[in-house]
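This report concerns only the one structure given below.
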Amino acid sequence: MVLDKNQEKTSFGFKKSKRLSVKLVIETLIFSLCISVLVSSLQIYSTYKTSMVAAENRYSEIEAGFLPSLSAGLWEVNTQRVDALLDSIAQLPNVGRVYLIDEQQNQLLRNDNSAEPFSKREMKLIYTENGVSFDLGVLGVELNNHELWIQLRKQAVQTATITSLTLFASALFILFLFQLRVSRHLQTMALFAKEFDVHKLGKTLTLHRKANAQADELDIVVGAINEMQNELKHELELRSKVEQELRAHQENLESLVKERTLELKSSSDQLQIAAEVAELGVWQWNILDGSLHWNAQMFKIFELPTSLLDQGLGYFHWYNSLHPEDAEETAASLRLEVEGKGKMKPVFRLLLPNGDIRYVQAALKIERDEMGSAIRAIGINIDITSRMEIENSLRTAKEQADAANTAKSAFLANMSHEIRTPMNAVLGMLQLLHKTTLTERQTDYVVKSQNAAKSLLNLLSDILDLSKADAGKLQLENNPFDLESLLQDLAVAVYTSQKNNAVELMFDIDPTIPRSLIGDKFRLQQILINLAGNALKFTIKGHVRILIEQVLRNEQDVHLKFSVIDTGIGISAKHIEHIFDEFTQAETSTTRRFGGTGLGLVISKTLVQRMGGELQVNSQLDQGSHFWFEVILTLGDAEVACEQELNTALANSRILVVDDNAVSREILVRTVGQFTDAVDELSSEQQVLEIIRQAEHNEQAYDVVLIDWRIANLQDKSTAELIMSEPDIKVKPALVLLTAYGCNDTLDAESEAASVYADVLFKPITPLQLKQSLGHCIQKKQRKIETTPQITMGSLTGLNLLVVDDNEINRLIAFELLKHEGAEIELADCGIQGVKTVLAAEQQFDVVLMDIQMPDIDGFEATRQIRADERFASLPIIALTANVSQQDIEDCLAAGMNGHIGKPFDMAQVVHSILNALAQGSC
């Protein structure tokens, strides 16, 4: 739209501002006039309603004041009275025409010439006498509106005058205010807008008026204009900056393009040189027409003439050069990559024109159009014939080395079996000899021979494990196991190597560790046996503590820290750096006080690493050693048997611990503190009687007293006998003797002293063993808990055992040793005879000890045939064999056996395995 000058002046001048104010005044006057008319109408209507109410009141006044008198005058025919009453009515205010019509239709009038009435009413004249009403006529009264109209006219004139003056004054005031507060500021803004210039944005719009406490509409408009101006200024500055940056980027881009062009040319040259140096064959294949382009190296690889480039090198030249046995497969893989459905065969063979075979390694990149169709392939070929020949030679050498390792492993396994079999005879005969009557010197010879044989056996086991580790065949299993069972087996295994009673072995187990775990129990136990055995070997006096702590636990796994801490000779800083090297010992003097091969720690370190941990050591010379490692084990699902009765019995019990070893005493108090809060401790026997008497006097008598064997004083009158014979102790506590392996002779020699004990526990003691012993003692169950086996006469009394072994000496040793334990023994010299003996026995055997390698059928097959008979589905069958690898143990369990005992066997292990198998079978 185009505006003329007058219109433009009207838009930005002052005329439009005046017209706007006039329009505002007119609209205000019209609105006010409407309101005034409405108000006046309401006032007039209100006056009219008031008049009507006054008329009603007048009628009521006449009815009440005159009607009865008129009725009486008419009844009495008192004309004078009637006329007087009519005159009185006619003289009332606003009363116009008044008439009376009697029953004869005679009419009396007053004010006959009155104006037009605005209200009229006729009232009946009724006279009542003696309860009878008589109708005497009608009285009519008319009210005129003369005064009403005068009042209404006066009110209308006043209202109109006041309203007109008010509206005129308001209009003038509004016009003045609009001009003062709005119109002049609009003119200022119009001038500012007219003079607005995008190149001069520094000026700020300001209205010259008194500042308001709160912004009004004009302030908002001014603020918006200034803000818009600032934003526009910012946008222009930003635009200018962006344009400058774009120009700078454009200049940089042009410079960069030049640099990249030069670099690309240089890279292309370098790539060409690299391809020549690396002897890379570079090719390009136009998929649409089948043409090929090769560099010089491609012709050398394929041994084709370069003249083919001019004659037309095509796909068929490449295909015809492939080895016939590889051609179809290689071409098919290329088609799949072109179609985007696979990858090209990376290595293929060429059949050269001279008949030689060449190996080629290929790689390619497919270029595709916008529709995804392949249009070109670019790739490289490398002659890898020499490398393939070297790899084939290495593969052959590796296969030969693997065969040699396999042969070595088989040889070692076979030699292990062959060595263990006579070793079993040697150790078995030594055990039998040890049970006969010998002189002190003869006993010393036998013990030393046993120790030498066991050292040879341990050396054999270490060499086998080291050989497996070197061959990479040392595998770990992941099976459920019970931590309590591991600890008890560990106690038995370590006991056989404990030779010094001056060293005390103790377990310190975190009570929060769950019992049911998943991992390699055998290897974990092997690590702890090696570490604990070393600690016992290098500790002359003091203690060895096996500590197991829970580091972290979640819903699936538990992070455990295993530590073996001793008070032995320690390791010097010079030797500790090489302590995990093969055939290295902490003590390397020529005196060789402790012996050993130095393989145990190497094997343990390897096993810990396989478990995801790291075996570490902290030691000082003559200050003892601390070996530890951390592993993560999976939580098992097996449920532990309910111990509610033991928990109830121990809940309110009071226990006294008497032990002279501070570390052992602290562990015992902490462990017992898991079961009850009332635990006291003593470090010597001098105050035992007084403490027990005082506790009884205070009505806090002890339920159980744990007494270490050194304090128990078994040689003289024992502390236990003093407690039981003390007359002042009315409530006798149950006494539990804590002894160490190797102290059995002392205890057996004083059987009368030992009889006062409610239970005997052999160190190291697990928390569950201690809990069961305390609970049973409190429940008055006097029984001897031997959770770890001990060599006592008659441990297998009443049991009927079958030994199946093809070696006569092994059968003899097993027969004599088991018979010495009180068992009834029957022998079978082969697998078939063993099966027949079991199936034909009138009374079922309690346990079968089964050899594995036998001439007719092996122990696995014999076990399967026995298990095939439902009568013997739960018969305990334990392998007694010289095959001792982890795989052998797993094969035994898979065949249906209940356990495994390796040859040469120790009777403590045999007795423990038999009793454990029977206990499991009874559950």
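If you're wondering about the labels, chains in the structure tokens are A, B, ... by order shown, residues count from 1 in each chain, ligands from 1 in order shown.
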Could you list, as a PyMOL selection string, every residue within 9 Å of A:Ile540, counting only C-alpha atoms and ignoring same-chain residues fewer than 2 positions away?
chain A and resi 500+502-503+536-538+542-543+567-569
Selected residues written out with N, CA, C and O atoms, as a compact mmCIF listing (two decimals), in the first residue's frame:
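Heads up, here's the output in result17.txt:
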```
# COMPACT_ATOMS: atom_id res chain seq x y z
N ASN A 500 56.45 -80.36 65.04
CA ASN A 500 56.94 -79.62 66.20
C ASN A 500 55.76 -79.20 67.05
O ASN A 500 54.95 -78.36 66.65
N ALA A 502 55.87 -77.45 69.59
CA ALA A 502 56.08 -76.11 70.13
C ALA A 502 55.44 -75.05 69.25
O ALA A 502 55.39 -73.88 69.62
N VAL A 503 54.97 -75.44 68.09
CA VAL A 503 54.31 -74.52 67.17
C VAL A 503 52.81 -74.83 67.16
O VAL A 503 52.42 -75.98 66.94
N LEU A 536 54.88 -73.92 58.92
CA LEU A 536 55.21 -74.86 60.00
C LEU A 536 56.68 -75.29 59.90
O LEU A 536 57.36 -75.46 60.93
N LYS A 537 57.15 -75.46 58.67
CA LYS A 537 58.51 -75.95 58.49
C LYS A 537 59.54 -74.91 58.94
O LYS A 537 60.57 -75.25 59.53
N PHE A 538 59.24 -73.62 58.69
CA PHE A 538 60.22 -72.58 59.00
C PHE A 538 59.93 -71.87 60.33
O PHE A 538 60.50 -70.83 60.60
N GLY A 542 56.28 -70.77 68.53
CA GLY A 542 55.28 -69.72 68.34
C GLY A 542 54.02 -70.29 67.75
O GLY A 542 53.48 -71.29 68.22
N HIS A 543 53.54 -69.67 66.68
CA HIS A 543 52.28 -70.13 66.10
C HIS A 543 52.26 -69.85 64.60
O HIS A 543 53.02 -69.03 64.08
N THR A 567 55.35 -67.02 63.02
CA THR A 567 56.36 -66.35 63.86
C THR A 567 57.72 -67.01 63.64
O THR A 567 58.52 -67.14 64.57
N GLY A 568 57.97 -67.44 62.39
CA GLY A 568 59.16 -68.22 62.08
C GLY A 568 60.39 -67.37 61.82
O GLY A 568 60.51 -66.23 62.28
N ILE A 569 61.31 -67.93 61.03
CA ILE A 569 62.63 -67.31 60.83
C ILE A 569 62.57 -66.08 59.94
O ILE A 569 63.50 -65.28 59.92
```
I want to know what sits within 6 Å of stretch 730-740 of chain A, based on only C-alpha atoms, with residues of the same chain fewer than 5 positions away left out; could you give that as a PyMOL selection string?
chain A and resi 702-709+757-763
Near A:Val551, within 7 Å and counting only C-alpha atoms, which residues show up once chain neighbours fewer than 4 positions away are dropped, as a ChimeraX atom specification?
/A:559-561
Once you have the residues from the selection above, write them out as a compact mmCIF listing (two decimals), in the first residue's frame, restricted to N, CA, C and O atoms.
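Dumped to out.txt:
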```
# COMPACT_ATOMS: atom_id res chain seq x y z
N HIS A 559 34.30 -61.70 47.88
CA HIS A 559 35.73 -61.42 47.72
C HIS A 559 36.42 -61.77 49.04
O HIS A 559 36.16 -61.14 50.06
N LEU A 560 37.29 -62.80 49.00
CA LEU A 560 37.93 -63.32 50.21
C LEU A 560 39.43 -63.05 50.17
O LEU A 560 40.06 -63.07 49.10
N LYS A 561 39.99 -62.83 51.37
CA LYS A 561 41.43 -62.67 51.53
C LYS A 561 41.93 -63.82 52.41
O LYS A 561 41.49 -63.98 53.55
```
Looking only at the backbone, which of the residues in stretch 608-820 of chain A does DSSP tag as helix (DSSP H, G or I), as a short mmCIF file (atom, residue, chain, number, x, y, z; two decimals) with N, CA and C atoms, in the first residue's frame?
```
data_model
loop_
_atom_site.label_atom_id
_atom_site.label_comp_id
_atom_site.auth_asym_id
_atom_site.auth_seq_id
_atom_site.Cartn_x
_atom_site.Cartn_y
_atom_site.Cartn_z
N VAL A 608 47.21 -69.24 42.17
CA VAL A 608 46.53 -68.00 42.57
C VAL A 608 46.30 -67.10 41.37
N GLN A 609 47.29 -67.01 40.48
CA GLN A 609 47.13 -66.20 39.28
C GLN A 609 46.02 -66.76 38.39
N ARG A 610 45.94 -68.08 38.30
CA ARG A 610 44.85 -68.68 37.52
C ARG A 610 43.50 -68.36 38.13
N GLN A 644 19.35 -74.48 64.73
CA GLN A 644 18.54 -73.70 65.65
C GLN A 644 18.69 -74.19 67.07
N GLU A 645 18.79 -75.51 67.25
CA GLU A 645 18.91 -76.05 68.61
C GLU A 645 20.21 -75.58 69.26
N LEU A 646 21.31 -75.58 68.49
CA LEU A 646 22.58 -75.12 69.04
C LEU A 646 22.51 -73.63 69.37
N ASN A 647 21.89 -72.85 68.48
CA ASN A 647 21.77 -71.41 68.74
C ASN A 647 20.98 -71.14 70.00
N THR A 648 19.90 -71.92 70.20
CA THR A 648 19.07 -71.74 71.40
C THR A 648 19.84 -72.11 72.66
N ALA A 649 20.61 -73.20 72.58
CA ALA A 649 21.36 -73.65 73.75
C ALA A 649 22.46 -72.65 74.12
N LEU A 650 23.05 -72.01 73.12
CA LEU A 650 24.18 -71.12 73.37
C LEU A 650 23.75 -69.68 73.66
N ALA A 651 22.48 -69.37 73.45
CA ALA A 651 22.04 -67.98 73.52
C ALA A 651 22.35 -67.33 74.86
N ALA A 662 48.32 -65.87 73.72
CA ALA A 662 47.48 -64.67 73.61
C ALA A 662 46.73 -64.65 72.28
N VAL A 663 47.41 -65.02 71.18
CA VAL A 663 46.75 -64.99 69.87
C VAL A 663 45.63 -66.02 69.82
N SER A 664 45.93 -67.24 70.27
CA SER A 664 44.92 -68.29 70.27
C SER A 664 43.74 -67.91 71.17
N ARG A 665 44.05 -67.34 72.33
CA ARG A 665 42.98 -66.95 73.27
C ARG A 665 42.10 -65.85 72.66
N GLU A 666 42.73 -64.88 71.99
CA GLU A 666 41.95 -63.80 71.38
C GLU A 666 41.02 -64.34 70.29
N ILE A 667 41.51 -65.30 69.48
CA ILE A 667 40.67 -65.89 68.43
C ILE A 667 39.52 -66.67 69.04
N LEU A 668 39.81 -67.45 70.09
CA LEU A 668 38.76 -68.24 70.74
C LEU A 668 37.68 -67.34 71.33
N VAL A 669 38.10 -66.28 72.02
CA VAL A 669 37.12 -65.37 72.64
C VAL A 669 36.27 -64.70 71.56
N ARG A 670 36.91 -64.28 70.47
CA ARG A 670 36.16 -63.63 69.39
C ARG A 670 35.20 -64.60 68.72
N THR A 671 35.63 -65.84 68.54
CA THR A 671 34.77 -66.83 67.90
C THR A 671 33.59 -67.19 68.80
N VAL A 672 33.86 -67.46 70.10
CA VAL A 672 32.77 -67.79 71.03
C VAL A 672 31.83 -66.61 71.18
N VAL A 688 41.94 -70.19 87.99
CA VAL A 688 40.77 -70.85 87.41
C VAL A 688 39.74 -71.19 88.48
N LEU A 689 40.20 -71.86 89.57
CA LEU A 689 39.26 -72.27 90.62
C LEU A 689 38.58 -71.06 91.24
N GLU A 690 39.35 -70.02 91.54
CA GLU A 690 38.78 -68.83 92.19
C GLU A 690 37.75 -68.15 91.28
N ILE A 691 38.06 -68.05 89.99
CA ILE A 691 37.14 -67.41 89.04
C ILE A 691 35.83 -68.20 88.95
N ILE A 692 35.95 -69.54 88.89
CA ILE A 692 34.74 -70.37 88.78
C ILE A 692 33.91 -70.27 90.06
N ARG A 693 34.58 -70.31 91.26
CA ARG A 693 33.85 -70.17 92.53
C ARG A 693 33.16 -68.82 92.61
N GLN A 694 33.88 -67.76 92.22
CA GLN A 694 33.30 -66.41 92.30
C GLN A 694 32.09 -66.27 91.37
N ALA A 695 32.18 -66.83 90.16
CA ALA A 695 31.07 -66.76 89.21
C ALA A 695 29.84 -67.47 89.76
N GLU A 696 30.07 -68.64 90.40
CA GLU A 696 28.93 -69.37 90.98
C GLU A 696 28.34 -68.60 92.15
N HIS A 697 29.20 -67.96 92.97
CA HIS A 697 28.72 -67.17 94.10
C HIS A 697 27.85 -66.00 93.61
N TRP A 709 45.58 -77.54 76.33
CA TRP A 709 46.23 -78.74 76.83
C TRP A 709 47.49 -78.42 77.63
N ARG A 710 48.16 -77.31 77.32
CA ARG A 710 49.35 -76.95 78.10
C ARG A 710 48.97 -76.55 79.52
N ILE A 711 47.88 -75.84 79.68
CA ILE A 711 47.42 -75.43 81.00
C ILE A 711 46.75 -76.58 81.73
N ALA A 712 46.18 -77.52 80.97
CA ALA A 712 45.44 -78.62 81.60
C ALA A 712 46.33 -79.48 82.50
N THR A 719 44.14 -79.74 85.96
CA THR A 719 43.26 -78.64 86.33
C THR A 719 41.80 -79.09 86.28
N ALA A 720 41.48 -79.93 85.32
CA ALA A 720 40.10 -80.42 85.22
C ALA A 720 39.70 -81.22 86.45
N GLU A 721 40.62 -82.08 86.93
CA GLU A 721 40.30 -82.88 88.13
C GLU A 721 40.13 -81.99 89.35
N LEU A 722 40.95 -80.92 89.45
CA LEU A 722 40.80 -80.00 90.57
C LEU A 722 39.44 -79.32 90.55
N ILE A 723 39.00 -78.95 89.34
CA ILE A 723 37.68 -78.30 89.23
C ILE A 723 36.58 -79.26 89.64
N MET A 724 36.67 -80.49 89.14
CA MET A 724 35.59 -81.45 89.43
C MET A 724 35.59 -81.90 90.89
N SER A 725 36.76 -81.89 91.53
CA SER A 725 36.83 -82.34 92.93
C SER A 725 36.67 -81.21 93.94
N ASN A 744 48.48 -86.82 71.32
CA ASN A 744 47.56 -87.91 71.65
C ASN A 744 48.14 -88.87 72.68
N ASP A 745 49.48 -89.09 72.57
CA ASP A 745 50.08 -90.06 73.49
C ASP A 745 49.92 -89.60 74.92
N THR A 746 50.13 -88.32 75.17
CA THR A 746 49.98 -87.79 76.52
C THR A 746 48.55 -87.98 77.00
N LEU A 747 47.60 -87.70 76.11
CA LEU A 747 46.19 -87.81 76.49
C LEU A 747 45.80 -89.26 76.72
N ASP A 748 46.27 -90.16 75.85
CA ASP A 748 45.93 -91.57 76.01
C ASP A 748 46.57 -92.16 77.26
N ALA A 749 47.79 -91.71 77.58
CA ALA A 749 48.48 -92.25 78.74
C ALA A 749 47.76 -91.89 80.02
N SER A 751 44.34 -91.60 80.57
CA SER A 751 42.94 -91.71 80.18
C SER A 751 42.00 -91.38 81.32
N GLU A 752 42.42 -91.66 82.58
CA GLU A 752 41.55 -91.32 83.71
C GLU A 752 41.41 -89.81 83.83
N ALA A 753 42.52 -89.09 83.60
CA ALA A 753 42.44 -87.63 83.64
C ALA A 753 41.61 -87.11 82.49
N ALA A 754 41.74 -87.79 81.34
CA ALA A 754 41.00 -87.33 80.17
C ALA A 754 39.51 -87.58 80.30
N PRO A 767 35.22 -72.57 63.41
CA PRO A 767 34.10 -72.01 64.18
C PRO A 767 32.94 -72.98 64.35
N LEU A 768 32.65 -73.78 63.30
CA LEU A 768 31.53 -74.72 63.40
C LEU A 768 31.84 -75.83 64.39
N GLN A 769 33.09 -76.34 64.40
CA GLN A 769 33.47 -77.36 65.37
C GLN A 769 33.30 -76.84 66.80
N LEU A 770 33.75 -75.61 67.04
CA LEU A 770 33.63 -75.03 68.37
C LEU A 770 32.17 -74.84 68.76
N LYS A 771 31.37 -74.39 67.82
CA LYS A 771 29.95 -74.17 68.10
C LYS A 771 29.25 -75.48 68.42
N GLN A 772 29.53 -76.52 67.63
CA GLN A 772 28.89 -77.81 67.88
C GLN A 772 29.31 -78.39 69.22
N SER A 773 30.60 -78.27 69.56
CA SER A 773 31.09 -78.81 70.83
C SER A 773 30.43 -78.09 72.01
N LEU A 774 30.40 -76.77 71.98
CA LEU A 774 29.78 -76.01 73.07
C LEU A 774 28.30 -76.33 73.19
N GLY A 775 27.61 -76.38 72.03
CA GLY A 775 26.18 -76.66 72.06
C GLY A 775 25.87 -78.03 72.62
N HIS A 776 26.66 -79.03 72.22
CA HIS A 776 26.42 -80.39 72.70
C HIS A 776 26.74 -80.53 74.18
N CYS A 777 27.79 -79.83 74.61
CA CYS A 777 28.13 -79.88 76.03
C CYS A 777 27.01 -79.28 76.88
N ILE A 778 26.50 -78.17 76.44
CA ILE A 778 25.43 -77.51 77.19
C ILE A 778 24.17 -78.37 77.18
N GLU A 808 49.16 -107.25 45.55
CA GLU A 808 49.09 -108.05 46.78
C GLU A 808 49.60 -107.27 47.98
N ILE A 809 50.71 -106.51 47.78
CA ILE A 809 51.28 -105.75 48.90
C ILE A 809 50.29 -104.67 49.37
N ASN A 810 49.66 -103.99 48.41
CA ASN A 810 48.68 -102.96 48.78
C ASN A 810 47.51 -103.56 49.55
N ARG A 811 47.07 -104.77 49.12
CA ARG A 811 45.97 -105.42 49.85
C ARG A 811 46.40 -105.76 51.26
N LEU A 812 47.66 -106.23 51.40
CA LEU A 812 48.15 -106.61 52.72
C LEU A 812 48.21 -105.39 53.64
N ILE A 813 48.76 -104.28 53.12
CA ILE A 813 48.89 -103.07 53.94
C ILE A 813 47.51 -102.56 54.35
N ALA A 814 46.59 -102.52 53.39
CA ALA A 814 45.24 -102.05 53.70
C ALA A 814 44.58 -102.95 54.72
N PHE A 815 44.77 -104.25 54.57
CA PHE A 815 44.16 -105.21 55.49
C PHE A 815 44.67 -104.99 56.92
N GLU A 816 46.00 -104.88 57.07
CA GLU A 816 46.58 -104.77 58.41
C GLU A 816 46.21 -103.43 59.07
N LEU A 817 46.33 -102.33 58.31
CA LEU A 817 46.06 -101.01 58.89
C LEU A 817 44.58 -100.85 59.25
N LEU A 818 43.71 -101.30 58.38
CA LEU A 818 42.27 -101.17 58.66
C LEU A 818 41.84 -102.11 59.78
N LYS A 819 42.44 -103.29 59.81
CA LYS A 819 42.12 -104.22 60.90
C LYS A 819 42.57 -103.65 62.23
N HIS A 820 43.73 -102.93 62.21
CA HIS A 820 44.23 -102.30 63.43
C HIS A 820 43.25 -101.23 63.93
#
```
Find the residues around A:Val803 up to 7 Å (only C-alpha atoms counted), leave out those fewer than 4 positions away in its own chain, and share them as an mmCIF file with C-alpha atoms, in the first residue's frame.
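The resulting file, selection_36.cif, is reproduced below:
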```cif
data_model
loop_
_atom_site.group_PDB
_atom_site.id
_atom_site.type_symbol
_atom_site.label_atom_id
_atom_site.label_comp_id
_atom_site.auth_asym_id
_atom_site.auth_seq_id
_atom_site.Cartn_x
_atom_site.Cartn_y
_atom_site.Cartn_z
ATOM 1 C CA ARG A 811 45.966 -105.423 49.847
ATOM 2 C CA GLU A 826 37.382 -108.655 53.025
ATOM 3 C CA LEU A 827 39.728 -108.584 50.015
ATOM 4 C CA ALA A 828 39.242 -108.867 46.233
ATOM 5 C CA VAL A 848 34.162 -100.318 49.469
ATOM 6 C CA LEU A 849 37.762 -99.123 48.835
ATOM 7 C CA MET A 850 38.306 -99.462 45.072
#
```
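Comparing the minimum interatomic distances between A:Val360 and each of A:Ile380, A:Leu682, A:Ala72, A:Ala156, counting only C-alpha atoms, we find that A:Ile380 sits nearest.
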Expressed in Å to a single decimal, how great is the separation between atom CA of A:Asp520 and atom CA of A:Asn478?
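Between atom CA of A:Asp520 and atom CA of A:Asn478 the gap works out to 5.3 Å.
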Rank nothing, just name the residue among A:Ser718, A:Gln674, A:Asn652, A:Asn807 nearest to A:Val756, using only C-alpha atoms.
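Using only C-alpha atoms, A:Val756 sits closest to A:Ser718.
Minimum atom-to-atom distances from A:Ser755, A:Thr166, A:Thr863, A:Thr439 to A:Asp891 were compared using only C-alpha atoms, and the lowest value belongs to A:Thr863.
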Point-to-point distance from atom CA of A:Glu477 to atom CA of A:Gln920, Å rounded to tenths
22.5 Å
Could you work out how far atom CA of A:Leu621 lies from atom CA of A:Ala573, giving the answer in Å with one decimal?
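Between atom CA of A:Ala573 and atom CA of A:Leu621 the gap works out to 7.9 Å.
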Using the chain letters and numbers from this document, which residues of stretch 92-339 of chain A does DSSP assign to strand (DSSP E or B), as a ChimeraX atom specification?
/A:95-102,107-110,117-129,132-144,280-286,291-294,314,322
